[in-house]
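Pasting input_25.cif here (mmCIF, N, CA and C atoms):
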```
data_upload
#
loop_
_atom_site.label_atom_id
_atom_site.label_comp_id
_atom_site.auth_asym_id
_atom_site.auth_seq_id
_atom_site.Cartn_x
_atom_site.Cartn_y
_atom_site.Cartn_z
N MET S 1 108.83 -30.73 168.55
CA MET S 1 108.21 -31.83 167.80
C MET S 1 107.08 -32.42 168.64
N TYR S 2 106.00 -32.72 167.98
CA TYR S 2 104.83 -33.27 168.66
C TYR S 2 104.95 -34.78 168.76
N ASN S 3 104.32 -35.32 169.77
CA ASN S 3 104.19 -36.77 169.86
C ASN S 3 102.72 -37.08 170.10
N SER S 4 102.38 -38.33 170.07
CA SER S 4 100.97 -38.70 170.12
C SER S 4 100.28 -38.31 171.43
N SER S 5 101.03 -38.04 172.49
CA SER S 5 100.39 -37.71 173.76
C SER S 5 99.92 -36.25 173.81
N ASN S 6 100.49 -35.37 172.99
CA ASN S 6 100.05 -33.97 173.04
C ASN S 6 99.53 -33.47 171.68
N LEU S 7 99.16 -34.37 170.84
CA LEU S 7 98.70 -34.05 169.50
C LEU S 7 97.18 -33.92 169.48
N PRO S 8 96.65 -32.84 168.89
CA PRO S 8 95.19 -32.79 168.74
C PRO S 8 94.72 -33.97 167.88
N ILE S 9 93.56 -34.47 168.17
CA ILE S 9 93.02 -35.60 167.41
C ILE S 9 92.82 -35.16 165.96
N HIS S 10 93.28 -35.99 165.05
CA HIS S 10 93.11 -35.69 163.63
C HIS S 10 92.93 -36.99 162.86
N LYS S 11 92.32 -36.85 161.70
CA LYS S 11 92.15 -37.97 160.77
C LYS S 11 92.77 -37.56 159.45
N VAL S 12 93.19 -38.54 158.66
CA VAL S 12 93.73 -38.24 157.33
C VAL S 12 92.88 -38.98 156.30
N VAL S 13 92.55 -38.26 155.23
CA VAL S 13 91.77 -38.83 154.14
C VAL S 13 92.57 -38.61 152.86
N PHE S 14 92.74 -39.68 152.08
CA PHE S 14 93.53 -39.63 150.86
C PHE S 14 92.62 -39.56 149.64
N TYR S 15 92.98 -38.68 148.72
CA TYR S 15 92.23 -38.49 147.48
C TYR S 15 93.19 -38.65 146.30
N ALA S 16 92.66 -39.12 145.18
CA ALA S 16 93.42 -39.23 143.93
C ALA S 16 92.71 -38.40 142.86
N ASN S 17 93.47 -37.73 142.02
CA ASN S 17 92.90 -36.89 140.97
C ASN S 17 92.31 -37.76 139.87
N ASP S 18 91.10 -37.43 139.48
CA ASP S 18 90.46 -38.08 138.34
C ASP S 18 90.49 -37.08 137.19
N PRO S 19 91.42 -37.25 136.23
CA PRO S 19 91.55 -36.25 135.16
C PRO S 19 90.29 -36.10 134.30
N GLN S 20 89.46 -37.12 134.26
CA GLN S 20 88.24 -37.04 133.45
C GLN S 20 87.21 -36.08 134.05
N THR S 21 87.16 -36.01 135.38
CA THR S 21 86.16 -35.15 136.04
C THR S 21 86.77 -33.86 136.57
N GLY S 22 88.10 -33.85 136.80
CA GLY S 22 88.74 -32.68 137.41
C GLY S 22 88.62 -32.66 138.92
N TYR S 23 88.03 -33.70 139.49
CA TYR S 23 87.88 -33.80 140.95
C TYR S 23 88.90 -34.77 141.53
N TYR S 24 89.30 -34.49 142.76
CA TYR S 24 90.03 -35.48 143.55
C TYR S 24 88.97 -36.36 144.19
N THR S 25 89.13 -37.68 144.08
CA THR S 25 88.16 -38.63 144.61
C THR S 25 88.80 -39.44 145.72
N LYS S 26 88.05 -39.64 146.78
CA LYS S 26 88.55 -40.42 147.91
C LYS S 26 89.00 -41.78 147.41
N THR S 27 90.18 -42.21 147.85
CA THR S 27 90.74 -43.46 147.36
C THR S 27 90.06 -44.66 147.99
N ALA S 28 90.14 -45.78 147.31
CA ALA S 28 89.48 -47.01 147.75
C ALA S 28 90.14 -47.62 148.98
N ASN S 29 91.39 -47.26 149.27
CA ASN S 29 92.08 -47.91 150.39
C ASN S 29 91.84 -47.23 151.73
N GLN S 30 90.76 -46.44 151.83
CA GLN S 30 90.42 -45.82 153.12
C GLN S 30 89.95 -46.90 154.09
N PRO S 31 90.25 -46.74 155.37
CA PRO S 31 89.80 -47.72 156.35
C PRO S 31 88.29 -47.77 156.51
N GLU S 32 87.61 -46.69 156.20
CA GLU S 32 86.15 -46.66 156.25
C GLU S 32 85.67 -45.85 155.06
N LYS S 33 84.41 -45.93 154.75
CA LYS S 33 83.92 -45.22 153.58
C LYS S 33 84.26 -43.73 153.65
N THR S 34 84.01 -43.10 154.76
CA THR S 34 84.40 -41.71 154.98
C THR S 34 84.88 -41.58 156.42
N PRO S 35 86.19 -41.60 156.63
CA PRO S 35 86.68 -41.50 158.00
C PRO S 35 86.33 -40.17 158.66
N VAL S 36 86.10 -39.15 157.89
CA VAL S 36 85.67 -37.86 158.42
C VAL S 36 84.37 -37.51 157.69
N MET S 37 83.28 -37.56 158.39
CA MET S 37 81.98 -37.35 157.75
C MET S 37 81.84 -35.96 157.13
N ARG S 38 82.57 -34.99 157.63
CA ARG S 38 82.48 -33.62 157.09
C ARG S 38 83.21 -33.49 155.76
N LEU S 39 84.12 -34.40 155.46
CA LEU S 39 84.85 -34.32 154.19
C LEU S 39 84.07 -35.05 153.11
N PRO S 40 83.90 -34.41 151.96
CA PRO S 40 83.11 -35.03 150.89
C PRO S 40 83.89 -36.13 150.17
N TYR S 41 83.17 -36.89 149.37
CA TYR S 41 83.77 -37.96 148.57
C TYR S 41 84.67 -37.39 147.48
N GLU S 42 84.31 -36.21 146.96
CA GLU S 42 85.10 -35.59 145.90
C GLU S 42 85.42 -34.14 146.27
N LEU S 43 86.63 -33.70 145.86
CA LEU S 43 87.08 -32.33 146.09
C LEU S 43 87.60 -31.75 144.78
N LYS S 44 87.43 -30.45 144.61
CA LYS S 44 87.92 -29.79 143.40
C LYS S 44 88.67 -28.52 143.80
N VAL S 45 89.82 -28.29 143.16
CA VAL S 45 90.60 -27.08 143.36
C VAL S 45 90.27 -26.11 142.23
N GLU S 46 89.99 -24.87 142.60
CA GLU S 46 89.64 -23.84 141.62
C GLU S 46 90.29 -22.52 142.01
N PRO S 47 90.46 -21.62 141.05
CA PRO S 47 90.94 -20.27 141.39
C PRO S 47 89.92 -19.57 142.28
N THR S 48 90.40 -18.74 143.17
CA THR S 48 89.52 -17.98 144.05
C THR S 48 88.84 -16.86 143.27
N GLN S 49 87.57 -16.72 143.47
CA GLN S 49 86.83 -15.56 142.98
C GLN S 49 86.77 -14.57 144.13
N LEU S 50 86.90 -13.31 143.86
CA LEU S 50 86.97 -12.31 144.93
C LEU S 50 85.82 -12.40 145.92
N HIS S 51 84.63 -12.70 145.44
CA HIS S 51 83.47 -12.74 146.34
C HIS S 51 83.39 -14.06 147.13
N GLN S 52 84.21 -15.05 146.79
CA GLN S 52 84.07 -16.36 147.41
C GLN S 52 84.71 -16.45 148.79
N ILE S 53 85.83 -15.77 148.99
CA ILE S 53 86.59 -16.04 150.20
C ILE S 53 87.28 -14.78 150.69
N LYS S 54 87.40 -14.65 151.99
CA LYS S 54 87.92 -13.42 152.57
C LYS S 54 89.40 -13.52 152.93
N CYS S 55 90.03 -14.64 152.73
CA CYS S 55 91.43 -14.79 153.11
C CYS S 55 92.33 -14.49 151.92
N ASN S 56 93.60 -14.70 152.11
CA ASN S 56 94.58 -14.39 151.06
C ASN S 56 94.88 -15.59 150.17
N ALA S 57 93.96 -16.49 150.02
CA ALA S 57 94.17 -17.70 149.23
C ALA S 57 93.94 -17.41 147.74
N LEU S 58 94.83 -17.93 146.90
CA LEU S 58 94.68 -17.78 145.46
C LEU S 58 93.79 -18.88 144.88
N GLU S 59 93.65 -19.98 145.62
CA GLU S 59 92.81 -21.09 145.18
C GLU S 59 91.92 -21.54 146.34
N ILE S 60 90.81 -22.16 145.97
CA ILE S 60 89.92 -22.77 146.95
C ILE S 60 89.84 -24.26 146.66
N ILE S 61 89.39 -25.01 147.66
CA ILE S 61 89.09 -26.42 147.46
C ILE S 61 87.67 -26.62 148.01
N ARG S 62 86.87 -27.36 147.24
CA ARG S 62 85.46 -27.51 147.60
C ARG S 62 84.96 -28.88 147.21
N GLY S 63 83.84 -29.26 147.82
CA GLY S 63 83.15 -30.47 147.42
C GLY S 63 82.11 -30.15 146.36
N LYS S 64 81.36 -31.17 145.94
CA LYS S 64 80.28 -30.99 144.96
C LYS S 64 78.96 -30.62 145.62
N GLU S 65 78.73 -31.19 146.80
CA GLU S 65 77.43 -31.07 147.44
C GLU S 65 77.20 -29.65 147.93
N LYS S 66 75.93 -29.21 147.80
CA LYS S 66 75.54 -27.88 148.24
C LYS S 66 74.39 -27.98 149.24
N PHE S 67 74.29 -26.96 150.09
CA PHE S 67 73.13 -26.80 150.95
C PHE S 67 71.97 -26.31 150.10
N ASN S 68 70.77 -26.33 150.66
CA ASN S 68 69.58 -25.86 149.94
C ASN S 68 69.73 -24.41 149.46
N LYS S 69 70.47 -23.61 150.20
CA LYS S 69 70.64 -22.19 149.85
C LYS S 69 71.68 -22.00 148.75
N GLY S 70 72.33 -23.08 148.32
CA GLY S 70 73.26 -22.99 147.20
C GLY S 70 74.73 -22.90 147.57
N SER S 71 75.06 -22.77 148.85
CA SER S 71 76.47 -22.72 149.24
C SER S 71 77.02 -24.14 149.39
N PHE S 72 78.31 -24.29 149.14
CA PHE S 72 78.93 -25.61 149.23
C PHE S 72 79.03 -26.09 150.67
N LYS S 73 78.81 -27.38 150.88
CA LYS S 73 78.91 -27.96 152.22
C LYS S 73 80.36 -27.98 152.71
N PHE S 74 81.32 -28.19 151.81
CA PHE S 74 82.74 -28.09 152.17
C PHE S 74 83.40 -27.13 151.20
N PHE S 75 84.04 -26.10 151.77
CA PHE S 75 84.61 -25.04 150.97
C PHE S 75 85.63 -24.31 151.82
N THR S 76 86.86 -24.17 151.33
CA THR S 76 87.87 -23.40 152.07
C THR S 76 88.94 -22.89 151.12
N GLY S 77 89.57 -21.82 151.52
CA GLY S 77 90.72 -21.32 150.78
C GLY S 77 91.94 -22.16 151.07
N LEU S 78 92.82 -22.29 150.08
CA LEU S 78 94.09 -23.00 150.27
C LEU S 78 95.16 -21.95 150.54
N GLN S 79 95.51 -21.79 151.80
CA GLN S 79 96.51 -20.81 152.21
C GLN S 79 97.88 -21.47 152.22
N GLU S 80 98.84 -20.82 151.59
CA GLU S 80 100.20 -21.36 151.54
C GLU S 80 100.78 -21.47 152.94
N THR S 81 101.64 -22.47 153.12
CA THR S 81 102.40 -22.62 154.36
C THR S 81 103.88 -22.45 154.03
N ASN S 82 104.73 -22.66 155.00
CA ASN S 82 106.18 -22.59 154.77
C ASN S 82 106.73 -23.86 154.14
N PHE S 83 105.87 -24.82 153.84
CA PHE S 83 106.29 -26.11 153.30
C PHE S 83 105.73 -26.29 151.89
N LYS S 84 106.58 -26.73 150.99
CA LYS S 84 106.18 -26.94 149.60
C LYS S 84 105.07 -27.99 149.53
N GLN S 85 104.05 -27.70 148.73
CA GLN S 85 102.92 -28.60 148.48
C GLN S 85 101.99 -28.75 149.69
N TRP S 86 102.14 -27.94 150.74
CA TRP S 86 101.28 -27.97 151.92
C TRP S 86 100.48 -26.68 152.00
N TYR S 87 99.19 -26.83 152.29
CA TYR S 87 98.29 -25.69 152.40
C TYR S 87 97.42 -25.86 153.65
N ALA S 88 96.99 -24.74 154.18
CA ALA S 88 96.09 -24.74 155.34
C ALA S 88 94.74 -24.19 154.92
N GLY S 89 93.72 -24.64 155.60
CA GLY S 89 92.36 -24.13 155.40
C GLY S 89 91.55 -24.45 156.64
N ASN S 90 90.24 -24.26 156.54
CA ASN S 90 89.40 -24.62 157.68
C ASN S 90 88.04 -25.09 157.18
N ASP S 91 87.41 -25.82 158.03
CA ASP S 91 86.03 -26.24 157.80
C ASP S 91 85.20 -25.50 158.83
N TYR S 92 83.99 -25.15 158.45
CA TYR S 92 83.15 -24.38 159.35
C TYR S 92 81.78 -25.03 159.42
N GLU S 93 81.29 -25.14 160.64
CA GLU S 93 79.96 -25.69 160.85
C GLU S 93 79.26 -24.88 161.95
N ARG S 94 77.96 -24.96 161.97
CA ARG S 94 77.19 -24.30 163.02
C ARG S 94 76.61 -25.35 163.94
N LEU S 95 76.88 -25.16 165.23
CA LEU S 95 76.31 -26.04 166.26
C LEU S 95 75.60 -25.15 167.28
N GLN S 96 74.32 -25.32 167.41
CA GLN S 96 73.51 -24.54 168.34
C GLN S 96 73.80 -23.05 168.20
N ASP S 97 73.75 -22.56 166.97
CA ASP S 97 73.97 -21.15 166.63
C ASP S 97 75.39 -20.66 166.93
N GLU S 98 76.32 -21.56 167.13
CA GLU S 98 77.71 -21.18 167.33
C GLU S 98 78.53 -21.64 166.13
N LYS S 99 79.38 -20.75 165.63
CA LYS S 99 80.26 -21.07 164.51
C LYS S 99 81.47 -21.83 165.05
N ILE S 100 81.69 -23.05 164.54
CA ILE S 100 82.80 -23.90 164.96
C ILE S 100 83.74 -24.07 163.77
N LEU S 101 85.02 -23.78 163.99
CA LEU S 101 86.02 -23.96 162.94
C LEU S 101 86.86 -25.19 163.23
N THR S 102 87.32 -25.83 162.16
CA THR S 102 88.21 -26.97 162.23
C THR S 102 89.40 -26.70 161.32
N LEU S 103 90.60 -26.90 161.83
CA LEU S 103 91.80 -26.74 161.02
C LEU S 103 91.94 -27.91 160.05
N CYS S 104 92.26 -27.61 158.80
CA CYS S 104 92.53 -28.63 157.79
C CYS S 104 93.89 -28.33 157.17
N LEU S 105 94.69 -29.36 157.01
CA LEU S 105 95.96 -29.23 156.29
C LEU S 105 95.87 -30.13 155.06
N PHE S 106 96.36 -29.62 153.94
CA PHE S 106 96.29 -30.32 152.66
C PHE S 106 97.70 -30.53 152.14
N HIS S 107 98.05 -31.78 151.84
CA HIS S 107 99.35 -32.09 151.26
C HIS S 107 99.14 -32.66 149.86
N PHE S 108 99.59 -31.90 148.85
CA PHE S 108 99.48 -32.33 147.46
C PHE S 108 100.77 -33.01 147.03
N SER S 109 100.65 -34.08 146.27
CA SER S 109 101.83 -34.75 145.73
C SER S 109 102.53 -33.81 144.76
N GLU S 110 103.80 -34.09 144.47
CA GLU S 110 104.59 -33.22 143.57
C GLU S 110 103.90 -33.02 142.23
N ASP S 111 103.27 -34.05 141.69
CA ASP S 111 102.61 -33.95 140.39
C ASP S 111 101.12 -33.60 140.49
N ASN S 112 100.67 -33.30 141.71
CA ASN S 112 99.26 -32.95 141.99
C ASN S 112 98.27 -34.06 141.64
N SER S 113 98.74 -35.29 141.58
CA SER S 113 97.84 -36.40 141.29
C SER S 113 97.13 -36.92 142.54
N ARG S 114 97.63 -36.54 143.72
CA ARG S 114 97.04 -37.00 144.98
C ARG S 114 97.03 -35.84 145.99
N VAL S 115 96.10 -35.91 146.90
CA VAL S 115 96.06 -34.96 148.02
C VAL S 115 95.66 -35.73 149.27
N ALA S 116 96.36 -35.43 150.36
CA ALA S 116 96.01 -35.97 151.68
C ALA S 116 95.44 -34.81 152.48
N VAL S 117 94.28 -35.02 153.08
CA VAL S 117 93.64 -33.99 153.90
C VAL S 117 93.74 -34.43 155.36
N PHE S 118 94.37 -33.60 156.17
CA PHE S 118 94.49 -33.83 157.60
C PHE S 118 93.44 -32.96 158.28
N TYR S 119 92.50 -33.61 158.95
CA TYR S 119 91.33 -32.94 159.49
C TYR S 119 91.40 -33.00 161.02
N PHE S 120 91.54 -31.83 161.66
CA PHE S 120 91.65 -31.72 163.11
C PHE S 120 90.29 -31.34 163.68
N GLY S 121 89.41 -32.31 163.79
CA GLY S 121 88.01 -32.10 164.15
C GLY S 121 87.78 -31.15 165.31
N ARG S 122 87.15 -30.02 165.01
CA ARG S 122 86.76 -29.00 165.98
C ARG S 122 87.95 -28.44 166.76
N PHE S 123 89.12 -28.50 166.16
CA PHE S 123 90.33 -27.89 166.73
C PHE S 123 90.75 -26.76 165.81
N TYR S 124 90.89 -25.57 166.37
CA TYR S 124 91.31 -24.41 165.58
C TYR S 124 91.96 -23.42 166.52
N ILE S 125 92.96 -22.72 166.04
CA ILE S 125 93.63 -21.68 166.82
C ILE S 125 93.30 -20.34 166.16
N ASP S 126 92.58 -19.49 166.88
CA ASP S 126 92.11 -18.24 166.30
C ASP S 126 93.23 -17.25 165.99
N LYS S 127 94.20 -17.13 166.88
CA LYS S 127 95.27 -16.16 166.67
C LYS S 127 96.17 -16.62 165.52
N LYS S 128 96.32 -15.77 164.50
CA LYS S 128 97.03 -16.14 163.28
C LYS S 128 98.47 -16.59 163.55
N ASP S 129 99.22 -15.84 164.38
CA ASP S 129 100.62 -16.19 164.65
C ASP S 129 100.73 -17.56 165.33
N ALA S 130 99.87 -17.80 166.31
CA ALA S 130 99.90 -19.08 167.02
C ALA S 130 99.48 -20.22 166.10
N ARG S 131 98.50 -19.96 165.23
CA ARG S 131 98.05 -20.99 164.28
C ARG S 131 99.18 -21.33 163.30
N GLU S 132 99.86 -20.31 162.78
CA GLU S 132 100.97 -20.55 161.86
C GLU S 132 102.10 -21.31 162.54
N GLN S 133 102.37 -21.00 163.81
CA GLN S 133 103.41 -21.74 164.53
C GLN S 133 103.01 -23.20 164.71
N PHE S 134 101.75 -23.44 165.04
CA PHE S 134 101.26 -24.81 165.17
C PHE S 134 101.43 -25.56 163.85
N ILE S 135 101.05 -24.92 162.75
CA ILE S 135 101.16 -25.56 161.43
C ILE S 135 102.62 -25.87 161.11
N ASN S 136 103.51 -24.93 161.38
CA ASN S 136 104.94 -25.15 161.12
C ASN S 136 105.52 -26.26 161.97
N ASP S 137 105.01 -26.43 163.17
CA ASP S 137 105.45 -27.54 164.04
C ASP S 137 104.81 -28.86 163.63
N MET S 138 103.57 -28.81 163.17
CA MET S 138 102.80 -30.02 162.89
C MET S 138 103.21 -30.70 161.59
N ILE S 139 103.52 -29.95 160.56
CA ILE S 139 103.80 -30.55 159.25
C ILE S 139 104.97 -31.53 159.30
N PRO S 140 106.11 -31.20 159.92
CA PRO S 140 107.19 -32.21 160.00
C PRO S 140 106.75 -33.49 160.71
N TYR S 141 105.92 -33.35 161.75
CA TYR S 141 105.40 -34.52 162.45
C TYR S 141 104.53 -35.36 161.51
N LEU S 142 103.65 -34.72 160.77
CA LEU S 142 102.76 -35.44 159.86
C LEU S 142 103.55 -36.10 158.73
N LEU S 143 104.56 -35.41 158.22
CA LEU S 143 105.43 -36.00 157.19
C LEU S 143 106.08 -37.27 157.71
N HIS S 144 106.59 -37.19 158.91
CA HIS S 144 107.27 -38.36 159.50
C HIS S 144 106.28 -39.49 159.75
N LYS S 145 105.13 -39.17 160.29
CA LYS S 145 104.15 -40.20 160.65
C LYS S 145 103.50 -40.85 159.42
N HIS S 146 103.21 -40.08 158.38
CA HIS S 146 102.41 -40.59 157.28
C HIS S 146 103.15 -40.81 155.96
N PHE S 147 104.34 -40.23 155.81
CA PHE S 147 104.96 -40.27 154.49
C PHE S 147 106.38 -40.84 154.47
N LEU S 148 107.03 -41.01 155.58
CA LEU S 148 108.42 -41.49 155.56
C LEU S 148 108.56 -42.88 156.13
#
```

Go through the file and emit its structure as structure tokens.
Amino acid sequence: MYNSSNLPIHKVVFYANDPQTGYYTKTANQPEKTPVMRLPYELKVEPTQLHQIKCNALEIIRGKEKFNKGSFKFFTGLQETNFKQWYAGNDYERLQDEKILTLCLFHFSEDNSRVAVFYFGRFYIDKKDAREQFINDMIPYLLHKHFL
């Protein structure tokens, strides 16, 4: 079990589903307008198109905003974890021609009306087995800290 002294720095952003738009929108009770600048104000879950993503995700989650070249500024596959309603993904950015990945964990409410995004800024574990072990260890900690 993790404790705050050995936990990678992370932020949590809460979104609520807006059935009229089909987007999850950042909730009003956030401590700041956007606690994680890389996370957009709105997110949408969609089925994966084969050309969109290289992982084994059946769905993607993305923002509305696009770069000039037409690709989404925030876009990742929702990879299943060993925990119900929890998914893993990553955010990718380029810094000085280096590709930087950030681990993201997504917790959807039972009725899918809300999603919490846990953003581990510039923290990522490349080896799949080690990353999955980290996720399996981290989710119970996050449940305890944020939901119980």

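Relative to atom C of S:Met37, atom CA of S:Ala130 is found at 26.6 Å.
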
Evaluate the PyMOL selection byres (((chain S and resi 124 and name CA) around 9) and name CA) here and jot the selected residues down as a compact mmCIF listing (two decimals) with N, CA and C atoms, keeping the file's coordinate frame.
```
# COMPACT_ATOMS: atom_id res chain seq x y z
N ASN S 90 90.24 -24.26 156.54
CA ASN S 90 89.40 -24.62 157.68
C ASN S 90 88.04 -25.09 157.18
N ILE S 100 81.69 -23.05 164.54
CA ILE S 100 82.80 -23.90 164.96
C ILE S 100 83.74 -24.07 163.77
N LEU S 101 85.02 -23.78 163.99
CA LEU S 101 86.02 -23.96 162.94
C LEU S 101 86.86 -25.19 163.23
N THR S 102 87.32 -25.83 162.16
CA THR S 102 88.21 -26.97 162.23
C THR S 102 89.40 -26.70 161.32
N LEU S 103 90.60 -26.90 161.83
CA LEU S 103 91.80 -26.74 161.02
C LEU S 103 91.94 -27.91 160.05
N CYS S 104 92.26 -27.61 158.80
CA CYS S 104 92.53 -28.63 157.79
C CYS S 104 93.89 -28.33 157.17
N PHE S 120 91.54 -31.83 161.66
CA PHE S 120 91.65 -31.72 163.11
C PHE S 120 90.29 -31.34 163.68
N GLY S 121 89.41 -32.31 163.79
CA GLY S 121 88.01 -32.10 164.15
C GLY S 121 87.78 -31.15 165.31
N ARG S 122 87.15 -30.02 165.01
CA ARG S 122 86.76 -29.00 165.98
C ARG S 122 87.95 -28.44 166.76
N PHE S 123 89.12 -28.50 166.16
CA PHE S 123 90.33 -27.89 166.73
C PHE S 123 90.75 -26.76 165.81
N ILE S 125 92.96 -22.72 166.04
CA ILE S 125 93.63 -21.68 166.82
C ILE S 125 93.30 -20.34 166.16
N ASP S 126 92.58 -19.49 166.88
CA ASP S 126 92.11 -18.24 166.30
C ASP S 126 93.23 -17.25 165.99
N ARG S 131 98.50 -19.96 165.23
CA ARG S 131 98.05 -20.99 164.28
C ARG S 131 99.18 -21.33 163.30
```

*Using the chain letters and numbering of this document, enumerate as an NGL selection string the residues selected by the PyMOL selection byres (((chain S and resi 11-17 and name CA) around 8) and name CA).*
:S and (9-10 or 18-19 or 22-27 or 30 or 34-36 or 42 or 112-121)

*Per DSSP on the backbone, filter chain S down to the residues in strand (DSSP E) and report them as a PyMOL selection string.*
chain S and resi 11-18+23-26+42-47+59-62+75-80+86-95+98-108+114-120

*Enumerate as a VMD selection string all residues of chain S assigned to alpha helix (DSSP H) by DSSP on the backbone, naming them with the chain letters and numbers the document uses.*
chain S and resid 128 to 147

Export, as a tab-separated table (two decimals), in the coordinates of the input, the selected residues with N, CA and C atoms.
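again.tsv, freshly written:
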```
chain	number	residue	atom	x	y	z
S	128	LYS	N	96.32	-15.77	164.50
S	128	LYS	CA	97.03	-16.14	163.28
S	128	LYS	C	98.47	-16.59	163.55
S	129	ASP	N	99.22	-15.84	164.38
S	129	ASP	CA	100.62	-16.19	164.65
S	129	ASP	C	100.73	-17.56	165.33
S	130	ALA	N	99.87	-17.80	166.31
S	130	ALA	CA	99.90	-19.08	167.02
S	130	ALA	C	99.48	-20.22	166.10
S	131	ARG	N	98.50	-19.96	165.23
S	131	ARG	CA	98.05	-20.99	164.28
S	131	ARG	C	99.18	-21.33	163.30
S	132	GLU	N	99.86	-20.31	162.78
S	132	GLU	CA	100.97	-20.55	161.86
S	132	GLU	C	102.10	-21.31	162.54
S	133	GLN	N	102.37	-21.00	163.81
S	133	GLN	CA	103.41	-21.74	164.53
S	133	GLN	C	103.01	-23.20	164.71
S	134	PHE	N	101.75	-23.44	165.04
S	134	PHE	CA	101.26	-24.81	165.17
S	134	PHE	C	101.43	-25.56	163.85
S	135	ILE	N	101.05	-24.92	162.75
S	135	ILE	CA	101.16	-25.56	161.43
S	135	ILE	C	102.62	-25.87	161.11
S	136	ASN	N	103.51	-24.93	161.38
S	136	ASN	CA	104.94	-25.15	161.12
S	136	ASN	C	105.52	-26.26	161.97
S	137	ASP	N	105.01	-26.43	163.17
S	137	ASP	CA	105.45	-27.54	164.04
S	137	ASP	C	104.81	-28.86	163.63
S	138	MET	N	103.57	-28.81	163.17
S	138	MET	CA	102.80	-30.02	162.89
S	138	MET	C	103.21	-30.70	161.59
S	139	ILE	N	103.52	-29.95	160.56
S	139	ILE	CA	103.80	-30.55	159.25
S	139	ILE	C	104.97	-31.53	159.30
S	140	PRO	N	106.11	-31.20	159.92
S	140	PRO	CA	107.19	-32.21	160.00
S	140	PRO	C	106.75	-33.49	160.71
S	141	TYR	N	105.92	-33.35	161.75
S	141	TYR	CA	105.40	-34.52	162.45
S	141	TYR	C	104.53	-35.36	161.51
S	142	LEU	N	103.65	-34.72	160.77
S	142	LEU	CA	102.76	-35.44	159.86
S	142	LEU	C	103.55	-36.10	158.73
S	143	LEU	N	104.56	-35.41	158.22
S	143	LEU	CA	105.43	-36.00	157.19
S	143	LEU	C	106.08	-37.27	157.71
S	144	HIS	N	106.59	-37.19	158.91
S	144	HIS	CA	107.27	-38.36	159.50
S	144	HIS	C	106.28	-39.49	159.75
S	145	LYS	N	105.13	-39.17	160.29
S	145	LYS	CA	104.15	-40.20	160.65
S	145	LYS	C	103.50	-40.85	159.42
S	146	HIS	N	103.21	-40.08	158.38
S	146	HIS	CA	102.41	-40.59	157.28
S	146	HIS	C	103.15	-40.81	155.96
S	147	PHE	N	104.34	-40.23	155.81
S	147	PHE	CA	104.96	-40.27	154.49
S	147	PHE	C	106.38	-40.84	154.47
```

*Would you mind telling me which residue in S:Glu93, S:Leu7, S:Phe67, S:Tyr41 lies nearest to S:Ile139 when using only C-alpha atoms?*
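Of the candidates, the smallest distance to S:Ile139 is held by S:Leu7.
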